[in-house]
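Q: Pasting data_30.cif here (mmCIF, C-alpha atoms):
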```cif
data_coords
loop_
_atom_site.label_atom_id
_atom_site.label_comp_id
_atom_site.auth_asym_id
_atom_site.auth_seq_id
_atom_site.Cartn_x
_atom_site.Cartn_y
_atom_site.Cartn_z
CA MET E 511 22.57 -79.78 30.37
CA LEU E 512 22.28 -76.74 32.64
CA GLN E 513 26.00 -76.21 32.16
CA ILE E 514 25.25 -74.47 28.86
CA PHE E 515 23.19 -71.83 30.72
CA PHE E 516 25.83 -71.39 33.43
CA ALA E 517 28.47 -70.85 30.72
CA HIS E 518 26.22 -68.42 28.83
CA ILE E 519 25.64 -66.26 31.92
CA ASN E 520 29.37 -66.26 32.63
CA LYS E 521 30.11 -64.93 29.14
CA PHE E 522 28.58 -61.62 30.25
CA THR E 523 28.70 -61.46 34.03
CA GLU E 524 30.49 -63.38 36.75
CA ILE E 525 28.53 -65.81 38.86
CA SER E 526 29.78 -68.70 40.98
CA GLU E 527 28.43 -72.26 40.89
CA GLU E 528 26.83 -71.55 44.24
CA GLU E 529 25.01 -68.46 42.96
CA PHE E 530 23.96 -70.41 39.89
CA SER E 531 22.34 -73.08 42.05
CA GLU E 532 20.21 -70.32 43.62
CA ILE E 533 19.48 -68.64 40.30
CA ILE E 534 18.33 -71.80 38.56
CA ILE E 535 15.51 -72.24 41.09
CA TYR E 536 13.66 -69.36 39.40
CA PHE E 537 13.41 -71.41 36.20
CA GLU E 538 11.41 -74.38 35.11
CA ILE E 539 12.88 -76.93 32.68
CA ARG E 540 10.56 -78.18 29.98
CA LYS E 541 11.09 -81.04 27.57
CA LEU E 542 9.20 -80.52 24.36
CA GLY E 543 8.33 -82.87 21.55
CA LYS E 544 8.63 -81.71 17.95
CA LYS E 545 5.81 -79.27 17.11
CA GLU E 546 4.79 -78.84 20.74
CA ILE E 547 3.42 -75.35 21.42
CA LEU E 548 4.94 -73.20 24.15
CA MET E 549 3.03 -69.96 23.64
CA GLU E 550 -0.27 -69.37 21.88
CA ALA E 551 -1.40 -66.29 19.99
CA GLY E 552 -4.06 -64.47 22.00
CA SER E 553 -2.63 -65.47 25.38
CA VAL E 554 -0.89 -63.07 27.76
CA CYS E 555 2.84 -63.34 27.09
CA ASN E 556 4.11 -64.30 30.51
CA GLN E 557 7.11 -66.51 29.66
CA HIS E 558 10.65 -65.99 28.49
CA PHE E 559 12.43 -69.02 27.02
CA PHE E 560 16.08 -70.02 26.88
CA VAL E 561 16.98 -72.91 24.57
CA LEU E 562 19.22 -75.59 26.13
CA THR E 563 18.90 -78.04 23.23
CA GLY E 564 16.81 -78.05 20.11
CA CYS E 565 15.17 -75.21 18.27
CA LEU E 566 12.14 -72.94 18.74
CA GLN E 567 10.22 -70.94 16.17
CA MET E 568 8.11 -67.81 16.77
CA TYR E 569 5.47 -67.16 14.11
CA TYR E 570 2.07 -65.69 13.41
CA ALA E 571 -0.66 -66.36 10.89
CA ASN E 572 -0.59 -63.62 8.26
CA GLU E 573 -3.65 -62.24 6.44
CA LYS E 574 -3.55 -65.08 3.92
CA GLY E 575 -3.57 -67.57 6.77
CA ALA E 576 0.04 -68.63 6.07
CA GLU E 577 2.56 -68.99 8.90
CA GLN E 578 5.08 -66.16 8.86
CA THR E 579 8.14 -66.99 10.98
CA LEU E 580 9.59 -64.01 12.81
CA GLN E 581 12.47 -65.69 14.60
CA PHE E 582 14.16 -68.98 15.30
CA ALA E 583 16.04 -69.70 18.51
CA LEU E 584 18.75 -72.34 18.70
CA GLU E 585 20.86 -73.32 21.74
CA ASN E 586 21.88 -70.30 23.85
CA TRP E 587 19.17 -68.05 22.43
CA TRP E 588 16.36 -66.40 24.34
CA LEU E 589 12.96 -66.05 22.76
CA THR E 590 9.70 -64.31 23.52
CA ASP E 591 7.46 -61.51 22.22
CA ASN E 592 9.57 -58.88 23.97
CA LEU E 593 7.08 -55.98 23.98
CA ALA E 594 4.14 -58.13 25.10
CA PHE E 595 6.32 -59.71 27.82
CA LEU E 596 7.50 -56.32 29.09
CA GLN E 597 3.96 -54.93 29.15
CA GLN E 598 2.35 -58.19 30.29
CA ARG E 599 -0.22 -58.09 27.53
CA LYS E 600 -1.61 -60.45 24.90
CA THR E 601 0.71 -61.61 22.15
CA GLU E 602 -0.11 -62.07 18.48
CA PHE E 603 2.63 -64.69 18.16
CA CYS E 604 2.97 -68.44 18.71
CA ILE E 605 6.11 -70.22 19.86
CA GLN E 606 6.57 -73.85 18.87
CA ALA E 607 9.35 -76.45 19.08
CA VAL E 608 10.82 -77.17 15.64
CA GLU E 609 12.46 -80.37 16.93
CA ASN E 610 12.63 -82.18 20.27
CA SER E 611 13.92 -79.48 22.61
CA GLU E 612 14.75 -78.67 26.19
CA VAL E 613 14.11 -75.13 27.32
CA LEU E 614 14.30 -73.07 30.48
CA CYS E 615 11.16 -71.02 31.14
CA ILE E 616 10.85 -68.08 33.46
CA ASP E 617 7.72 -66.04 34.01
CA PHE E 618 7.62 -62.26 34.26
CA GLN E 619 7.15 -62.08 38.03
CA LYS E 620 9.96 -64.55 38.70
CA GLN E 621 12.27 -62.76 36.31
CA GLU E 622 11.62 -59.49 38.14
CA LEU E 623 12.30 -61.22 41.44
CA LEU E 624 15.47 -62.82 40.06
CA LEU E 625 16.70 -59.42 38.88
CA ASN E 626 15.92 -57.83 42.23
CA ASN E 627 17.66 -60.58 44.17
CA PHE E 628 20.61 -60.99 41.79
CA PRO E 629 21.32 -57.55 40.30
CA LYS E 630 24.31 -59.10 38.47
CA MET E 631 21.76 -60.72 36.20
CA GLU E 632 20.78 -57.25 34.92
CA ARG E 633 24.17 -57.14 33.18
CA TYR E 634 23.55 -60.55 31.66
CA TYR E 635 20.11 -59.64 30.30
CA ARG E 636 21.33 -56.22 29.15
CA ASN E 637 23.90 -57.98 26.96
CA VAL E 638 21.35 -60.51 25.70
CA PHE E 639 18.94 -57.75 24.62
CA GLU E 640 21.71 -55.51 23.25
CA LYS E 641 22.75 -58.38 20.95
CA ALA E 642 19.12 -59.11 20.05
CA ALA E 643 18.52 -55.44 19.16
CA GLY E 644 21.69 -55.47 17.03
CA ALA E 645 20.76 -58.71 15.27
CA ALA E 646 17.33 -57.24 14.50
CA GLN E 647 18.94 -54.12 12.93
CA MET E 648 20.96 -56.40 10.64
CA ARG E 649 17.86 -58.46 9.81
CA VAL E 650 16.03 -55.32 8.64
CA LYS E 651 19.10 -54.39 6.57
CA TYR E 652 19.09 -57.85 4.92
CA ILE E 653 15.38 -57.63 4.16
CA PHE E 654 15.98 -54.33 2.35
CA ASP E 655 19.21 -55.38 0.63
CA TYR E 656 18.43 -58.79 -0.72
CA SER E 657 15.80 -60.21 -2.98
CA LYS E 658 14.12 -63.25 -1.43
CA GLU E 659 16.23 -65.43 -3.67
CA GLU E 660 19.50 -63.82 -2.56
CA MET E 661 18.30 -63.96 1.04
CA PHE E 662 17.99 -67.73 0.86
CA PHE E 663 21.49 -68.23 -0.54
CA THR E 664 23.07 -65.74 1.87
CA PHE E 665 21.29 -67.44 4.74
CA ARG E 666 22.39 -70.89 3.51
CA ASP E 667 26.02 -69.75 3.21
CA GLN E 668 26.04 -68.13 6.66
CA TYR E 669 24.16 -70.87 8.52
CA PRO E 670 24.76 -74.15 6.63
CA GLU E 671 24.01 -76.26 9.73
CA PHE E 672 20.73 -74.47 10.22
CA ILE E 673 19.58 -75.28 6.70
CA GLN E 674 20.38 -78.95 7.42
CA ARG E 675 18.43 -78.96 10.66
CA VAL E 676 15.30 -76.98 9.95
CA PRO E 677 12.61 -78.24 7.54
CA GLN E 678 12.53 -76.40 4.27
CA TYR E 679 8.96 -75.12 4.69
CA LEU E 680 10.05 -73.30 7.86
CA ILE E 681 13.01 -71.68 6.13
CA ALA E 682 10.55 -70.53 3.46
CA SER E 683 8.25 -69.16 6.16
CA PHE E 684 11.17 -67.25 7.74
CA LEU E 685 12.16 -65.69 4.42
CA GLY E 686 8.56 -64.82 3.49
CA LEU E 687 8.45 -67.29 0.56
CA THR E 688 6.05 -70.08 -0.29
CA PRO E 689 7.66 -73.54 -0.01
CA GLU E 690 6.93 -74.03 -3.74
CA TYR E 691 8.81 -70.88 -4.65
CA LEU E 692 11.77 -71.89 -2.48
CA SER E 693 11.95 -75.28 -4.27
CA GLU E 694 11.86 -73.45 -7.58
CA ILE E 695 14.74 -71.14 -6.56
CA LYS E 696 16.82 -74.10 -5.42
CA SER E 697 16.25 -76.16 -8.56
CA LYS E 698 16.91 -73.14 -10.80
CA ARG E 699 20.27 -72.60 -9.12
CA LEU E 700 21.17 -76.28 -9.45
CA SER E 701 20.20 -76.62 -13.11
CA MET U 1479 17.32 -30.03 29.12
CA LEU U 1480 19.06 -32.83 31.01
CA GLN U 1481 15.89 -33.28 33.01
CA ILE U 1482 14.48 -35.40 30.19
CA PHE U 1483 17.35 -37.89 30.63
CA PHE U 1484 16.99 -37.93 34.43
CA ALA U 1485 13.27 -38.66 34.03
CA HIS U 1486 13.94 -41.37 31.44
CA ILE U 1487 16.40 -43.20 33.70
CA ASN U 1488 13.91 -42.98 36.58
CA LYS U 1489 11.24 -44.65 34.48
CA PHE U 1490 13.24 -47.87 34.74
CA THR U 1491 15.50 -47.60 37.78
CA GLU U 1492 15.71 -45.32 40.79
CA ILE U 1493 18.45 -42.74 40.93
CA SER U 1494 18.68 -39.60 43.04
CA GLU U 1495 19.54 -36.13 41.74
CA GLU U 1496 22.90 -36.53 43.42
CA GLU U 1497 23.66 -39.79 41.65
CA PHE U 1498 22.50 -38.24 38.40
CA SER U 1499 25.00 -35.43 38.78
CA GLU U 1500 27.75 -38.07 38.97
CA ILE U 1501 26.33 -40.14 36.12
CA ILE U 1502 26.03 -37.23 33.71
CA ILE U 1503 29.79 -36.63 33.90
CA TYR U 1504 30.31 -39.75 31.75
CA PHE U 1505 28.44 -38.09 28.89
CA GLU U 1506 29.21 -35.35 26.45
CA ILE U 1507 26.45 -33.02 25.19
CA ARG U 1508 26.55 -32.18 21.51
CA LYS U 1509 24.52 -29.58 19.66
CA LEU U 1510 24.03 -30.53 16.05
CA GLY U 1511 22.88 -28.57 13.07
CA LYS U 1512 20.45 -30.08 10.60
CA LYS U 1513 22.22 -32.72 8.46
CA GLU U 1514 25.30 -32.78 10.69
CA ILE U 1515 26.91 -36.22 10.75
CA LEU U 1516 27.51 -37.99 14.07
CA MET U 1517 28.83 -41.34 12.85
CA GLU U 1518 30.34 -42.24 9.50
CA ALA U 1519 30.17 -45.54 7.67
CA GLY U 1520 33.58 -47.26 7.77
CA SER U 1521 34.51 -45.82 11.19
CA VAL U 1522 34.74 -47.86 14.38
CA CYS U 1523 31.39 -47.53 16.14
CA ASN U 1524 32.47 -46.13 19.49
CA GLN U 1525 29.51 -43.94 20.44
CA HIS U 1526 26.02 -44.44 21.79
CA PHE U 1527 23.59 -41.52 21.40
CA PHE U 1528 20.60 -40.39 23.45
CA VAL U 1529 18.36 -37.75 21.89
CA LEU U 1530 17.47 -34.83 24.20
CA THR U 1531 15.82 -32.74 21.47
CA GLY U 1532 15.53 -33.16 17.74
CA CYS U 1533 15.78 -36.25 15.61
CA LEU U 1534 18.52 -38.57 14.35
CA GLN U 1535 18.51 -40.93 11.41
CA MET U 1536 20.66 -44.04 10.90
CA TYR U 1537 21.10 -45.09 7.27
CA TYR U 1538 23.40 -46.76 4.78
CA ALA U 1539 23.96 -46.48 1.05
CA ASN U 1540 22.36 -49.49 -0.64
CA GLU U 1541 23.69 -51.18 -3.80
CA LYS U 1542 21.96 -48.66 -6.01
CA GLY U 1543 23.63 -45.85 -4.08
CA ALA U 1544 20.34 -44.73 -2.52
CA GLU U 1545 20.09 -43.95 1.21
CA GLN U 1546 18.21 -46.67 3.05
CA THR U 1547 17.08 -45.50 6.50
CA LEU U 1548 17.20 -48.21 9.18
CA GLN U 1549 15.98 -46.21 12.17
CA PHE U 1550 14.96 -42.81 13.38
CA ALA U 1551 15.45 -41.66 16.96
CA LEU U 1552 13.34 -38.92 18.51
CA GLU U 1553 13.53 -37.52 22.05
CA ASN U 1554 14.17 -40.24 24.67
CA TRP U 1555 15.51 -42.75 22.15
CA TRP U 1556 18.96 -44.27 22.05
CA LEU U 1557 20.65 -44.92 18.76
CA THR U 1558 23.76 -46.69 17.52
CA ASP U 1559 24.81 -49.70 15.43
CA ASN U 1560 24.33 -52.04 18.39
CA LEU U 1561 26.41 -55.02 17.18
CA ALA U 1562 29.32 -52.87 15.98
CA PHE U 1563 29.24 -50.93 19.28
CA LEU U 1564 29.24 -54.11 21.37
CA GLN U 1565 32.10 -55.61 19.38
CA GLN U 1566 33.92 -52.31 18.89
CA ARG U 1567 34.24 -52.81 15.16
CA LYS U 1568 33.60 -50.80 12.01
CA THR U 1569 30.04 -49.88 11.18
CA GLU U 1570 28.39 -49.85 7.77
CA PHE U 1571 25.94 -47.19 8.92
CA CYS U 1572 25.88 -43.39 9.15
CA ILE U 1573 24.06 -41.38 11.79
CA GLN U 1574 22.93 -37.88 10.91
CA ALA U 1575 20.79 -35.16 12.50
CA VAL U 1576 17.47 -34.78 10.67
CA GLU U 1577 16.88 -31.39 12.32
CA ASN U 1578 18.74 -29.21 14.83
CA SER U 1579 19.28 -31.56 17.74
CA GLU U 1580 20.89 -31.94 21.11
CA VAL U 1581 22.23 -35.35 22.01
CA LEU U 1582 24.12 -37.03 24.80
CA CYS U 1583 27.07 -39.12 23.58
CA ILE U 1584 28.88 -41.79 25.54
CA ASP U 1585 31.74 -43.89 24.23
CA PHE U 1586 32.12 -47.61 24.80
CA GLN U 1587 34.83 -47.38 27.44
CA LYS U 1588 32.96 -44.75 29.44
CA GLN U 1589 29.72 -46.71 29.21
CA GLU U 1590 31.50 -49.78 30.59
CA LEU U 1591 32.96 -47.66 33.39
CA LEU U 1592 29.56 -46.10 34.11
CA LEU U 1593 27.98 -49.56 34.34
CA ASN U 1594 30.74 -50.81 36.64
CA ASN U 1595 30.48 -47.79 38.91
CA PHE U 1596 26.67 -47.52 38.82
CA PRO U 1597 25.32 -51.08 38.50
CA LYS U 1598 21.79 -49.63 38.77
CA MET U 1599 22.30 -48.38 35.23
CA GLU U 1600 22.40 -52.00 34.01
CA ARG U 1601 18.69 -52.17 34.79
CA TYR U 1602 18.09 -48.98 32.83
CA TYR U 1603 19.99 -50.17 29.76
CA ARG U 1604 18.45 -53.64 30.00
CA ASN U 1605 15.00 -52.06 29.70
CA VAL U 1606 16.11 -49.78 26.87
CA PHE U 1607 17.44 -52.73 24.84
CA GLU U 1608 14.51 -54.99 25.72
CA LYS U 1609 12.16 -52.37 24.27
CA ALA U 1610 14.41 -51.89 21.23
CA ALA U 1611 14.46 -55.64 20.58
CA GLY U 1612 10.67 -55.73 20.89
CA ALA U 1613 10.18 -52.74 18.58
CA ALA U 1614 12.43 -54.44 16.02
CA GLN U 1615 10.32 -57.63 16.16
CA MET U 1616 7.24 -55.54 15.37
CA ARG U 1617 9.06 -53.70 12.58
CA VAL U 1618 9.88 -57.03 10.89
CA LYS U 1619 6.23 -58.07 11.29
CA TYR U 1620 5.08 -54.83 9.63
CA ILE U 1621 7.53 -55.26 6.75
CA PHE U 1622 6.07 -58.72 6.08
CA ASP U 1623 2.43 -57.76 6.64
CA TYR U 1624 2.07 -54.54 4.73
CA SER U 1625 2.67 -53.48 1.19
CA LYS U 1626 4.85 -50.37 1.03
CA GLU U 1627 1.72 -48.35 0.37
CA GLU U 1628 -0.09 -49.72 3.43
CA MET U 1629 3.08 -49.23 5.45
CA PHE U 1630 3.05 -45.52 4.72
CA PHE U 1631 -0.57 -45.04 5.75
CA THR U 1632 -0.19 -47.19 8.87
CA PHE U 1633 2.91 -45.24 9.80
CA ARG U 1634 1.14 -41.93 9.16
CA ASP U 1635 -1.83 -42.96 11.30
CA GLN U 1636 0.38 -44.17 14.16
CA TYR U 1637 2.88 -41.32 14.13
CA PRO U 1638 1.10 -38.25 12.68
CA GLU U 1639 3.54 -35.84 14.37
CA PHE U 1640 6.48 -37.67 12.91
CA ILE U 1641 5.17 -37.31 9.37
CA GLN U 1642 4.82 -33.56 10.02
CA ARG U 1643 8.37 -33.22 11.32
CA VAL U 1644 10.44 -35.40 9.05
CA PRO U 1645 11.00 -34.53 5.37
CA GLN U 1646 9.11 -36.75 2.98
CA TYR U 1647 12.22 -38.11 1.23
CA LEU U 1648 13.41 -39.49 4.58
CA ILE U 1649 10.08 -41.18 5.27
CA ALA U 1650 10.39 -42.72 1.78
CA SER U 1651 13.93 -43.89 2.60
CA PHE U 1652 12.69 -45.47 5.87
CA LEU U 1653 9.92 -47.35 4.07
CA GLY U 1654 12.18 -48.46 1.21
CA LEU U 1655 10.34 -46.34 -1.39
CA THR U 1656 11.60 -43.77 -3.86
CA PRO U 1657 10.37 -40.23 -3.04
CA GLU U 1658 8.61 -40.20 -6.42
CA TYR U 1659 6.70 -43.37 -5.62
CA LEU U 1660 5.68 -42.00 -2.21
CA SER U 1661 4.31 -38.83 -3.87
CA GLU U 1662 2.37 -41.02 -6.27
CA ILE U 1663 0.86 -43.08 -3.44
CA LYS U 1664 -0.18 -39.94 -1.60
CA SER U 1665 -1.76 -38.26 -4.62
CA LYS U 1666 -3.52 -41.49 -5.61
CA ARG U 1667 -5.10 -41.69 -2.15
CA LEU U 1668 -6.16 -38.05 -2.28
CA SER U 1669 -7.67 -38.20 -5.75
#
```
Let me see whether you can do it: turn the structure in this file into structure tokens.

A:
Amino acid sequence: MLQIFFAHINKFTEISEEEFSEIIIYFEIRKLGKKEILMEAGSVCNQHFFVLTGCLQMYYANEKGAEQTLQFALENWWLTDNLAFLQQRKTEFCIQAVENSEVLCIDFQKQELLLNNFPKMERYYRNVFEKAAGAAQMRVKYIFDYSKEEMFFTFRDQYPEFIQRVPQYLIASFLGLTPEYLSEIKSKRLS
Amino acid sequence: MLQIFFAHINKFTEISEEEFSEIIIYFEIRKLGKKEILMEAGSVCNQHFFVLTGCLQMYYANEKGAEQTLQFALENWWLTDNLAFLQQRKTEFCIQAVENSEVLCIDFQKQELLLNNFPKMERYYRNVFEKAAGAAQMRVKYIFDYSKEEMFFTFRDQYPEFIQRVPQYLIASFLGLTPEYLSEIKSKRLS
């Protein structure tokens, strides 16, 4: 199971199995049931999560009280409220398991220690965040370019597996639609 | 002028003046006139820009042919199409100077070399991208939370200087509004 993390680190920097066995000590493995909460809105964001198996969702309650999903994280993705984590302050977001999941957790102090003791890991995290910043640029572009209807079909075509895995009401919450409206879009396209 | 870059690096990692004098060799300084183009859509994204003075804008032409602004970068901000830069492929975006500006440019190969020769700089870039990823999460939240009208007033309240500096049609293009609609919003609020 940890092999997936070892392989992910080695995509960006070179570490030996021996180094990995020292690095992994900084992390805690957590097994989560479906819908289990990992981070609560209003708490200090002190954890950074790496998905080994399963899927996480980061969301907040918008003004209307509906859940707005900001991000999903599947295997090999990191997830947290990055600004709150960096500044060690309260987050407005929740993180929850979408399905049964196994995640690695590291807290801010341990991550700092890890980076001080294994400077090679700076290269790894730099790449992770560089990709995350790039993905976010593209997400903003998609939000501007596509109507919510087009967004759903583009998303479905690009990530067919994802649409299979994740409940429809969460896809709706990611796209900023009501579940009812998403059903309507889908049935309109089929008819 | 370069002092601003030295100070910015030292916010996140420790480098001496001597090291800085070696690091700066990897960069090229460019002076840009207002509206000068730094990166063209359709070209391979090979440059990463740091703003010393002035302001850059990254945008693309949307389906209607209008300029949609994805990001601005003021002093101390980095800017590029992060995914295209990482993968050394063609970008869909343009980068242009909003006002007379001075920027540091580094190409992909030199940045890799810099990071290999000065591993301390990994820590610097990791922090830069971590903040960028966090800022992008908040941007997506704002896009979902606010109407375009509210977005303008929130933006104006948070960045009053920015609204002074940047022409109104560019603010409109950042918020996804037509300049006419932005004028209307502003006059409505004043009346």

Q: List every residue of chain E that has an atom at most 6 Å from any atom of chain U, giving for each one its closest atom pair and the distance in Å to one decimal, counting all atoms listed in the file, sorted by chain and then by ascending residue number, as JSON lines.

A:
```
{"residue": "E:Asn592", "atom": "CA", "partner": "U:Gly1612", "partner_atom": "CA", "distance": 4.5}
{"residue": "E:Leu593", "atom": "CA", "partner": "U:Gly1612", "partner_atom": "CA", "distance": 4.7}
{"residue": "E:Glu632", "atom": "CA", "partner": "U:Arg1601", "partner_atom": "CA", "distance": 5.5}
{"residue": "E:Arg633", "atom": "CA", "partner": "U:Glu1600", "partner_atom": "CA", "distance": 5.5}
{"residue": "E:Arg636", "atom": "CA", "partner": "U:Arg1604", "partner_atom": "CA", "distance": 4.0}
{"residue": "E:Phe639", "atom": "CA", "partner": "U:Phe1607", "partner_atom": "CA", "distance": 5.2}
{"residue": "E:Glu640", "atom": "CA", "partner": "U:Phe1607", "partner_atom": "CA", "distance": 5.3}
{"residue": "E:Ala642", "atom": "CA", "partner": "U:Ala1611", "partner_atom": "CA", "distance": 5.8}
{"residue": "E:Ala643", "atom": "CA", "partner": "U:Ala1611", "partner_atom": "CA", "distance": 4.3}
{"residue": "E:Gly644", "atom": "CA", "partner": "U:Asn1560", "partner_atom": "CA", "distance": 4.5}
{"residue": "E:Ala646", "atom": "CA", "partner": "U:Ala1614", "partner_atom": "CA", "distance": 5.8}
```

Q: Can you pull out the residues contacting Trp1556 in chain U? Cut-off 7 Å, using only C-alpha atoms, and skip same-chain residues under 2 positions away; I want them as number ranges by chain.

A: U: 1527-1529, 1551, 1554

Q: Residues of the last selection are to be written out with C-alpha atoms, as a PDB file, in the frame of the given file.

A:
```pdb
ATOM      1  CA  PHE U1527      23.590 -41.520  21.400  1.00  0.00           C
ATOM      2  CA  PHE U1528      20.600 -40.390  23.450  1.00  0.00           C
ATOM      3  CA  VAL U1529      18.360 -37.750  21.890  1.00  0.00           C
ATOM      4  CA  ALA U1551      15.450 -41.660  16.960  1.00  0.00           C
ATOM      5  CA  ASN U1554      14.170 -40.240  24.670  1.00  0.00           C
TER       6      ASN U1554
END
```

Q: Excluding Phe1633 in chain U and its own-chain neighbours fewer than 4 positions away, which residues fall within 12 Å of it when counting all atoms listed in the file? Please give them as a ChimeraX atom specification.

A: /U:1617,1620-1621,1624-1629,1637-1642,1649-1650,1652-1653

Q: Mind pulling up the distance from CA of Trp587 in chain E to CA of Asp1585 in chain U?

A: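 Answer for the CA of Asp1585 in chain U to CA of Trp587 in chain E separation: 27.3 Å.
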
Q: May I ask which of the residues E:Gln678, E:Ser697, E:Gln606, E:Gln619 is the closest one to Lys544 in chain E, counting all atoms listed in the file?

A: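 Closest to Lys544 in chain E, using all atoms listed in the file: E:Gln606.
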
Q: So how far away is CA of Met568 in chain E from CA of Glu546 in chain E, in Å?

A: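 Pair CA of Glu546 in chain E / CA of Met568 in chain E returns 12.2 Å.
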
Q: If I take CA of Gly1520 in chain U and CA of Phe1571 in chain U, how far is one from the other in Å, to one decimal?

A: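 These atoms are spaced 7.7 Å apart.
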
Q: Taking the file as I've supplied it (selection: the PyMOL selection byres ((chain U and resi 1479) around 12)), which residues are included? Please answer as JSON, numbers by chain.

A: {"U": [1480, 1481, 1482, 1483, 1484, 1485, 1507, 1509, 1529, 1530, 1531, 1532, 1553, 1554, 1579, 1580, 1581, 1582]}

Q: With distances taken over only C-alpha atoms, which of U:Thr1656, U:Ser1651, U:Ser1494, U:Gln1566 is nearest to Glu1545 in chain U?

A: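 That would be U:Ser1651, the residue with the smallest distance to Glu1545 in chain U.
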
Q: Start from the incomplete input, build N, CA and C atoms for range 1643-1659 of chain U, and deliver everything as a PDB file, keeping the file's coordinate frame.

A:
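Now in selection_19.pdb:
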```pdb
ATOM      1  N   ARG U1643       7.032 -33.716  10.981  1.00  0.00           N
ATOM      2  CA  ARG U1643       8.370 -33.220  11.320  1.00  0.00           C
ATOM      3  C   ARG U1643       9.441 -33.598  10.319  1.00  0.00           C
ATOM      4  N   VAL U1644       9.339 -34.847   9.827  1.00  0.00           N
ATOM      5  CA  VAL U1644      10.440 -35.400   9.050  1.00  0.00           C
ATOM      6  C   VAL U1644      10.181 -35.209   7.552  1.00  0.00           C
ATOM      7  N   PRO U1645      11.206 -34.742   6.803  1.00  0.00           N
ATOM      8  CA  PRO U1645      11.000 -34.530   5.370  1.00  0.00           C
ATOM      9  C   PRO U1645      10.536 -35.817   4.669  1.00  0.00           C
ATOM     10  N   GLN U1646       9.732 -35.615   3.661  1.00  0.00           N
ATOM     11  CA  GLN U1646       9.110 -36.750   2.980  1.00  0.00           C
ATOM     12  C   GLN U1646      10.130 -37.725   2.362  1.00  0.00           C
ATOM     13  N   TYR U1647      11.248 -37.195   1.864  1.00  0.00           N
ATOM     14  CA  TYR U1647      12.220 -38.110   1.230  1.00  0.00           C
ATOM     15  C   TYR U1647      12.856 -39.050   2.257  1.00  0.00           C
ATOM     16  N   LEU U1648      12.866 -38.625   3.537  1.00  0.00           N
ATOM     17  CA  LEU U1648      13.410 -39.490   4.580  1.00  0.00           C
ATOM     18  C   LEU U1648      12.411 -40.573   4.975  1.00  0.00           C
ATOM     19  N   ILE U1649      11.136 -40.191   5.000  1.00  0.00           N
ATOM     20  CA  ILE U1649      10.080 -41.180   5.270  1.00  0.00           C
ATOM     21  C   ILE U1649      10.145 -42.247   4.169  1.00  0.00           C
ATOM     22  N   ALA U1650      10.297 -41.787   2.918  1.00  0.00           N
ATOM     23  CA  ALA U1650      10.390 -42.720   1.780  1.00  0.00           C
ATOM     24  C   ALA U1650      11.589 -43.648   1.988  1.00  0.00           C
ATOM     25  N   SER U1651      12.708 -43.100   2.421  1.00  0.00           N
ATOM     26  CA  SER U1651      13.930 -43.890   2.600  1.00  0.00           C
ATOM     27  C   SER U1651      13.773 -44.898   3.763  1.00  0.00           C
ATOM     28  N   PHE U1652      12.959 -44.545   4.752  1.00  0.00           N
ATOM     29  CA  PHE U1652      12.690 -45.470   5.870  1.00  0.00           C
ATOM     30  C   PHE U1652      11.820 -46.633   5.398  1.00  0.00           C
ATOM     31  N   LEU U1653      10.866 -46.322   4.510  1.00  0.00           N
ATOM     32  CA  LEU U1653       9.920 -47.350   4.070  1.00  0.00           C
ATOM     33  C   LEU U1653      10.455 -48.153   2.881  1.00  0.00           C
ATOM     34  N   GLY U1654      11.607 -47.745   2.359  1.00  0.00           N
ATOM     35  CA  GLY U1654      12.180 -48.460   1.210  1.00  0.00           C
ATOM     36  C   GLY U1654      11.499 -48.089  -0.097  1.00  0.00           C
ATOM     37  N   LEU U1655      11.012 -46.840  -0.187  1.00  0.00           N
ATOM     38  CA  LEU U1655      10.340 -46.340  -1.390  1.00  0.00           C
ATOM     39  C   LEU U1655      11.201 -45.245  -2.022  1.00  0.00           C
ATOM     40  N   THR U1656      10.995 -44.987  -3.304  1.00  0.00           N
ATOM     41  CA  THR U1656      11.600 -43.770  -3.860  1.00  0.00           C
ATOM     42  C   THR U1656      10.666 -42.611  -3.492  1.00  0.00           C
ATOM     43  N   PRO U1657      11.221 -41.386  -3.359  1.00  0.00           N
ATOM     44  CA  PRO U1657      10.370 -40.230  -3.040  1.00  0.00           C
ATOM     45  C   PRO U1657       9.270 -40.049  -4.080  1.00  0.00           C
ATOM     46  N   GLU U1658       9.600 -40.355  -5.338  1.00  0.00           N
ATOM     47  CA  GLU U1658       8.610 -40.200  -6.420  1.00  0.00           C
ATOM     48  C   GLU U1658       7.438 -41.146  -6.186  1.00  0.00           C
ATOM     49  N   TYR U1659       7.752 -42.378  -5.824  1.00  0.00           N
ATOM     50  CA  TYR U1659       6.700 -43.370  -5.620  1.00  0.00           C
ATOM     51  C   TYR U1659       5.820 -42.980  -4.427  1.00  0.00           C
TER      52      TYR U1659
END
```
